[in-house]
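Participant: My questions will all concern the structure given below.
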Amino acid sequence: MVIKTGKKMPEKLETILKESVRLADIQYYMKKRVRLEGECLIIKNEKENKEYKITIKNKRVHLISFGKASQKMAEFALNLLGSRIIDGIVVKLKFAEKISEFPQNIKVIEANHPVPDSGSIEAAKSILNLISNASEDDLMLFLISGGGSAMVELPIDPITLEDAEKAFSLLIRSGATIHEINAVRKHISQIKGGKLAKKAYPAEVVSLIASDVPGNYIDVIASGPTAPDMSTYSDAYRILEQYEILDKIPKSVLEVIEKGLRGEIEETPKPLDKVFERAHNFLIAAPSDLAKEVSSYVSKIGYNSYVLTSILQGESGEVAKALSSIAIDTKKGNTSFALPTALILAGETNVKVKGSGKGGRAMELVAYFSREIAGIDGISIFAIDTDGMDGSTTSAGAFADCNTWRKIFKKYGLKAFDELRNNNSYELLDSLGYTIYTGPTGSNLNNLICILID
């Protein structure tokens with residue numbers, strides 16, 4: 001994969017970036033944790049030091065793969081199981097390259113992100129059609145990754161696609177966490193929040209899941225279509241109220257949530273529902289895995305490397321201030337981190353969009369970080385979204401060093417502060433060559449941040 005920037009990155013930072021993108025490959029983790037022995041699918045849980053065996057003998061295996069890593073995950077499963085898979089659906093990210101030629105019995109559908117489109121509706125209907133007549137002799141192999149919430153969607157009537165698009169956009173721009181956003185999504189959808197597992201019953205459901213969610217909550221990743229849901233219609237209503245979008249949300253969305261509050265619409269299936277006796281959810285890749293792998297690599301090239309967290313959350317600008325204070329204090333010798341230091345973080349910050357600018361979580365974090373470390377030599381950073389698309393841009397993220405904000409200020413003057421407030425981090429960084437381009441990576445293990453202190 002070719003990584004492009006407008007200007008030359010610091011050499012060590014660039015080396016780490018390239019290795020980080022390589023290590024973010026979803027198949028790397030699938031090969032470590034999923035294998036076939038005879039007629040058994042073996043799934044390894046390293047945290048529990050335990051292996052789970054799923055018998056596929058005499059089963060009709062159906063493949064359903066969706067999310068930003070859908071193509072690579074499906075490619076791995078098809079190579080592993082071959083003709084044992086009798087049919088399937090792969091929901092491919094719209095505009096992403098087609099990385100595999102799938103057999104004729106696998107239907108490929110393109111769908112949008114971060115808001116659903118007609119392809120998302122087609123994907124949901126096709127999946128429901130595939131699982132609707134399933135019996136105990138069927139095994140539904142779901143391959144689920146982040147982005148699935150938008151890429152596969154069928155709203156509850158009378159919510160239209162346009163209403164769903166508006167609701168998704170409002171939630172994304174509100175500053176709500178992914179847990180909160182997906183709690184609402186589950187309660188306006190016919191497939192999220194365990195509903196796919198319920199519709200597939202009594203078939204056996206096996207889900208291999210790649211996390212893009214801080215904490216790796218199975219019920220939150222892609223809005224948990226095959227996992228029991230702990231959130232409620234009451235939670236969904238409270239979230240809309242808390243983030244002050246109750247009066248902006250489409251009337252049809254509010255109507256569905258209010259019906260749910262009154263008990264006129266059934267709640268999402270909960271942990272004790274019988275459908276989950278035949279549904280097995282396995283986490284096979286997570287941001288924490290990537291952070292550890294990157295940290296191990298960075299240690300080999302001469303840095304004292306520390307994984308600071310793999311569940312980073314918070315507003316990008318505020319997180320940047322906290323991280324820059326740690327970096328500056330480390331540079332001064334005021335922390336217990338030994339120099340030269342590499343701080344590795346994974347997770348997902350959020351941005352409450354107040355302006356009309358262009359940017360993303362990673363770029364906004366880098367822009368604010370660059371302001372805080374301006375003029376302090378020996379500190380550099382990159383932050384990327386591992387799917388290759390930060391926010392609604394084609395940039396994966398950005399990098400910065402002690403000179404970045406000086407150059408921004410030289411070009412923009414006091415207007416630079418206005419652009420930050422306008423959420424226009426892309427313009428500030430891209431105009432001077434600090435943005436990073438990878439193109440869609442076919443993976444999605446959330447955001448990765450690397451801070452070097454020399």
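Chain lettering (A, B, ...) mirrors the order of the structure tokens, residue numbering begins at 1 for each chain separately, and ligand numbering begins at 1 in order of display.
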Could you give me, as CSV, a per-residue list for range 194-217 of chain A showing, wherever an atom lies at most 8 Å from an atom of range 311-326 of chain A, the closest pair of atoms and their distance in Å to one decimal, using only C-alpha atoms and sorting by chain then residue number from low to high?

Facilitator:
```
residue,atom,partner,partner_atom,distance
A:Val213,CA,A:Ile311,CA,8.0
A:Pro214,CA,A:Ile311,CA,4.4
A:Gly215,CA,A:Ile311,CA,5.6
```

Participant: Keeping only N, CA and C atoms, take the residues you just selected and write them out as a PDB file, in the first residue's frame.

Facilitator:
```pdb
ATOM      1  N   VAL A 213     -14.323  -0.195  18.286  1.00  0.00           N
ATOM      2  CA  VAL A 213     -15.017   0.464  19.389  1.00  0.00           C
ATOM      3  C   VAL A 213     -14.150   0.429  20.653  1.00  0.00           C
ATOM      4  N   PRO A 214     -13.938   1.568  21.322  1.00  0.00           N
ATOM      5  CA  PRO A 214     -13.201   1.559  22.583  1.00  0.00           C
ATOM      6  C   PRO A 214     -13.826   0.585  23.579  1.00  0.00           C
ATOM      7  N   GLY A 215     -13.025  -0.337  24.101  1.00  0.00           N
ATOM      8  CA  GLY A 215     -13.533  -1.323  25.038  1.00  0.00           C
ATOM      9  C   GLY A 215     -14.010  -2.602  24.382  1.00  0.00           C
TER      10      GLY A 215
END
```

Participant: Any idea what's packed within 10 Å of range 183-191 of chain A, counting only C-alpha atoms, ignoring anything in its chain fewer than 6 positions away? Could you give it as a count of residues only?

Facilitator: 52

Participant: With distances taken over only C-alpha atoms, which residue among A:Pro250, A:Pro202, A:Gly263, A:Pro114 lies nearest Asp163 in chain A?

Facilitator: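 Among the listed residues, the smallest separation from Asp163 in chain A belongs to A:Pro250.
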
Participant: From the list A:Asn216, A:Ser118, A:Ser370, A:Thr349, which residue is nearest Ser288 in chain A when using only C-alpha atoms?

Facilitator: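 Closest residue, counting only C-alpha atoms: A:Asn216.
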
Participant: Quote the spacing between CA of Met140 in chain A and CA of His179 in chain A in Å to one decimal place.

Facilitator: 25.8 Å

Participant: Counting only C-alpha atoms, what is within 10 Å of Gln104 in chain A, bar same-chain residues fewer than 4 positions away, as JSON, numbers by chain?

Facilitator: {"A": [87, 88, 108]}

Participant: Just the residues within 10 Å of Glu419 in chain A, please, counting only C-alpha atoms, with nothing from its chain fewer than 6 positions along; format it as a list of chain:residue names.

Facilitator: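 The neighbour list is A:Gly355, A:Ser356, A:Gly357, A:Lys358, A:Tyr412, A:Ser425, A:Tyr426, A:Glu427, A:Leu428.
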
Participant: Find the spatial neighbours of Tyr434 in chain A, counting only C-alpha atoms, within a cut-off of 12 Å - ignore same-chain residues fewer than 6 positions away - and output them as a ChimeraX atom specification.

Facilitator: /A:4-10,14,363,366-367,370,380-384,395-401,403-405,407-408,425-428

Participant: How would the residues just chosen look if you wrote them out with N, CA and C atoms as a compact mmCIF listing (two decimals), in the first residue's frame?

Facilitator:
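again31.txt, written as the output of this step:
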```
# COMPACT_ATOMS: atom_id res chain seq x y z
N LYS A 4 0.92 8.35 1.10
CA LYS A 4 1.31 9.63 0.53
C LYS A 4 1.11 10.75 1.54
N THR A 5 2.05 11.69 1.54
CA THR A 5 1.90 12.93 2.31
C THR A 5 2.36 14.07 1.41
N GLY A 6 1.94 15.28 1.75
CA GLY A 6 2.31 16.44 0.93
C GLY A 6 3.73 16.90 1.18
N LYS A 7 4.27 16.56 2.34
CA LYS A 7 5.65 16.93 2.66
C LYS A 7 6.29 15.74 3.37
N LYS A 8 7.60 15.76 3.47
CA LYS A 8 8.34 14.67 4.05
C LYS A 8 8.08 14.59 5.55
N MET A 9 7.72 13.40 6.02
CA MET A 9 7.56 13.17 7.45
C MET A 9 8.91 12.97 8.10
N PRO A 10 9.03 13.22 9.41
CA PRO A 10 10.23 12.81 10.12
C PRO A 10 10.47 11.32 9.89
N GLU A 14 7.69 8.23 9.98
CA GLU A 14 7.23 7.62 8.73
C GLU A 14 7.42 6.10 8.75
N MET A 363 -7.43 14.30 12.42
CA MET A 363 -6.85 15.58 11.98
C MET A 363 -7.08 16.68 13.00
N VAL A 366 -4.59 16.24 15.79
CA VAL A 366 -3.23 16.64 15.40
C VAL A 366 -3.11 18.16 15.32
N ALA A 367 -4.12 18.82 14.79
CA ALA A 367 -4.06 20.28 14.67
C ALA A 367 -3.95 20.93 16.05
N SER A 370 -0.51 20.16 17.61
CA SER A 370 0.58 20.95 17.01
C SER A 370 0.64 22.35 17.62
N SER A 380 6.95 14.75 18.00
CA SER A 380 6.20 14.61 16.75
C SER A 380 5.06 13.62 16.97
N ILE A 381 4.09 13.65 16.08
CA ILE A 381 2.89 12.85 16.24
C ILE A 381 2.31 12.47 14.89
N PHE A 382 1.71 11.30 14.81
CA PHE A 382 0.74 11.03 13.74
C PHE A 382 -0.51 10.43 14.36
N ALA A 383 -1.63 10.71 13.75
CA ALA A 383 -2.91 10.11 14.15
C ALA A 383 -3.65 9.74 12.89
N ILE A 384 -4.07 8.49 12.80
CA ILE A 384 -4.78 8.02 11.61
C ILE A 384 -6.01 7.22 12.00
N SER A 395 -8.59 11.67 3.41
CA SER A 395 -7.35 11.58 4.17
C SER A 395 -7.51 10.58 5.31
N ALA A 396 -6.43 9.85 5.61
CA ALA A 396 -6.47 8.90 6.73
C ALA A 396 -6.19 9.59 8.06
N GLY A 397 -5.61 10.78 8.02
CA GLY A 397 -5.24 11.48 9.23
C GLY A 397 -4.16 12.49 8.93
N ALA A 398 -3.27 12.72 9.89
CA ALA A 398 -2.25 13.76 9.70
C ALA A 398 -1.08 13.53 10.65
N PHE A 399 0.01 14.29 10.40
CA PHE A 399 1.16 14.27 11.30
C PHE A 399 1.57 15.70 11.60
N ALA A 400 2.42 15.85 12.62
CA ALA A 400 2.88 17.20 12.98
C ALA A 400 4.16 17.09 13.80
N ASP A 401 4.92 18.19 13.81
CA ASP A 401 6.09 18.30 14.68
C ASP A 401 6.12 19.71 15.26
N ASN A 403 7.35 22.39 14.27
CA ASN A 403 7.26 23.49 13.32
C ASN A 403 5.89 23.65 12.66
N THR A 404 5.02 22.66 12.85
CA THR A 404 3.76 22.63 12.11
C THR A 404 2.89 23.85 12.39
N TRP A 405 2.65 24.14 13.67
CA TRP A 405 1.76 25.25 13.99
C TRP A 405 2.39 26.59 13.58
N LYS A 407 4.15 27.13 10.96
CA LYS A 407 3.89 27.26 9.52
C LYS A 407 2.43 27.58 9.24
N ILE A 408 1.54 26.95 10.02
CA ILE A 408 0.11 27.24 9.88
C ILE A 408 -0.14 28.71 10.22
N SER A 425 -9.87 21.51 10.27
CA SER A 425 -8.52 20.99 10.46
C SER A 425 -7.92 20.47 9.15
N TYR A 426 -8.76 19.94 8.29
CA TYR A 426 -8.26 19.41 7.01
C TYR A 426 -7.59 20.52 6.20
N GLU A 427 -8.23 21.66 6.10
CA GLU A 427 -7.69 22.77 5.32
C GLU A 427 -6.36 23.24 5.91
N LEU A 428 -6.31 23.40 7.23
CA LEU A 428 -5.09 23.87 7.88
C LEU A 428 -3.91 22.94 7.61
```

Participant: So which bits of range 165-405 of chain A end up strand (DSSP E or B) when you DSSP the backbone, as a JSON list (two decimals) with C-alpha atoms, in the first residue's frame?

Facilitator:
```json
[["chain", "number", "residue", "atom", "x", "y", "z"],
["A", 189, "SER", "CA", -33.52, -0.40, 12.82],
["A", 204, "GLU", "CA", -26.64, -21.53, 14.29],
["A", 205, "VAL", "CA", -25.03, -18.10, 14.14],
["A", 206, "VAL", "CA", -21.26, -17.67, 14.35],
["A", 207, "SER", "CA", -19.95, -14.10, 14.21],
["A", 208, "LEU", "CA", -16.28, -13.23, 13.80],
["A", 209, "ILE", "CA", -15.94, -9.60, 14.79],
["A", 210, "ALA", "CA", -13.26, -6.95, 14.25],
["A", 279, "ALA", "CA", -25.56, -17.40, 18.54],
["A", 280, "HIS", "CA", -21.79, -17.26, 19.18],
["A", 281, "ASN", "CA", -19.89, -13.98, 18.97],
["A", 282, "PHE", "CA", -16.08, -13.99, 18.80],
["A", 283, "LEU", "CA", -13.78, -10.95, 18.88],
["A", 284, "ILE", "CA", -10.92, -11.73, 16.50],
["A", 285, "ALA", "CA", -9.21, -8.33, 16.19],
["A", 304, "ASN", "CA", 11.13, 3.03, 25.05],
["A", 305, "SER", "CA", 7.63, 2.26, 23.91],
["A", 306, "TYR", "CA", 4.49, 2.46, 26.04],
["A", 307, "VAL", "CA", 0.87, 1.67, 25.20],
["A", 308, "LEU", "CA", -0.80, 4.54, 27.01],
["A", 309, "THR", "CA", -4.35, 3.30, 26.34],
["A", 310, "SER", "CA", -6.35, 1.33, 23.78],
["A", 311, "ILE", "CA", -9.69, 2.81, 24.83],
["A", 312, "LEU", "CA", -9.03, 6.49, 24.19],
["A", 315, "GLU", "CA", -13.33, 15.39, 22.43],
["A", 341, "THR", "CA", 9.89, 7.70, 24.32],
["A", 342, "ALA", "CA", 7.13, 6.45, 22.05],
["A", 343, "LEU", "CA", 3.56, 6.70, 23.31],
["A", 344, "ILE", "CA", 1.07, 4.52, 21.44],
["A", 345, "LEU", "CA", -2.66, 5.03, 21.79],
["A", 346, "ALA", "CA", -5.73, 3.50, 20.17],
["A", 347, "GLY", "CA", -9.40, 4.30, 20.52],
["A", 350, "ASN", "CA", -15.13, 12.52, 18.97],
["A", 379, "ILE", "CA", 8.16, 15.98, 19.71],
["A", 380, "SER", "CA", 6.20, 14.61, 16.75],
["A", 381, "ILE", "CA", 2.89, 12.85, 16.24],
["A", 382, "PHE", "CA", 0.74, 11.03, 13.74],
["A", 383, "ALA", "CA", -2.91, 10.11, 14.15],
["A", 384, "ILE", "CA", -4.78, 8.02, 11.61],
["A", 385, "ASP", "CA", -8.06, 6.27, 11.17],
["A", 397, "GLY", "CA", -5.24, 11.48, 9.23],
["A", 398, "ALA", "CA", -2.25, 13.76, 9.70],
["A", 399, "PHE", "CA", 1.16, 14.27, 11.30],
["A", 400, "ALA", "CA", 2.88, 17.20, 12.98]]
```

Participant: Could you tell me which of A:Ile86, A:Leu246, A:Ile453, A:Leu445 comes closest to Gln27 in chain A if we count only C-alpha atoms?

Facilitator: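 Smallest separation from Gln27 in chain A among the options: A:Leu445.
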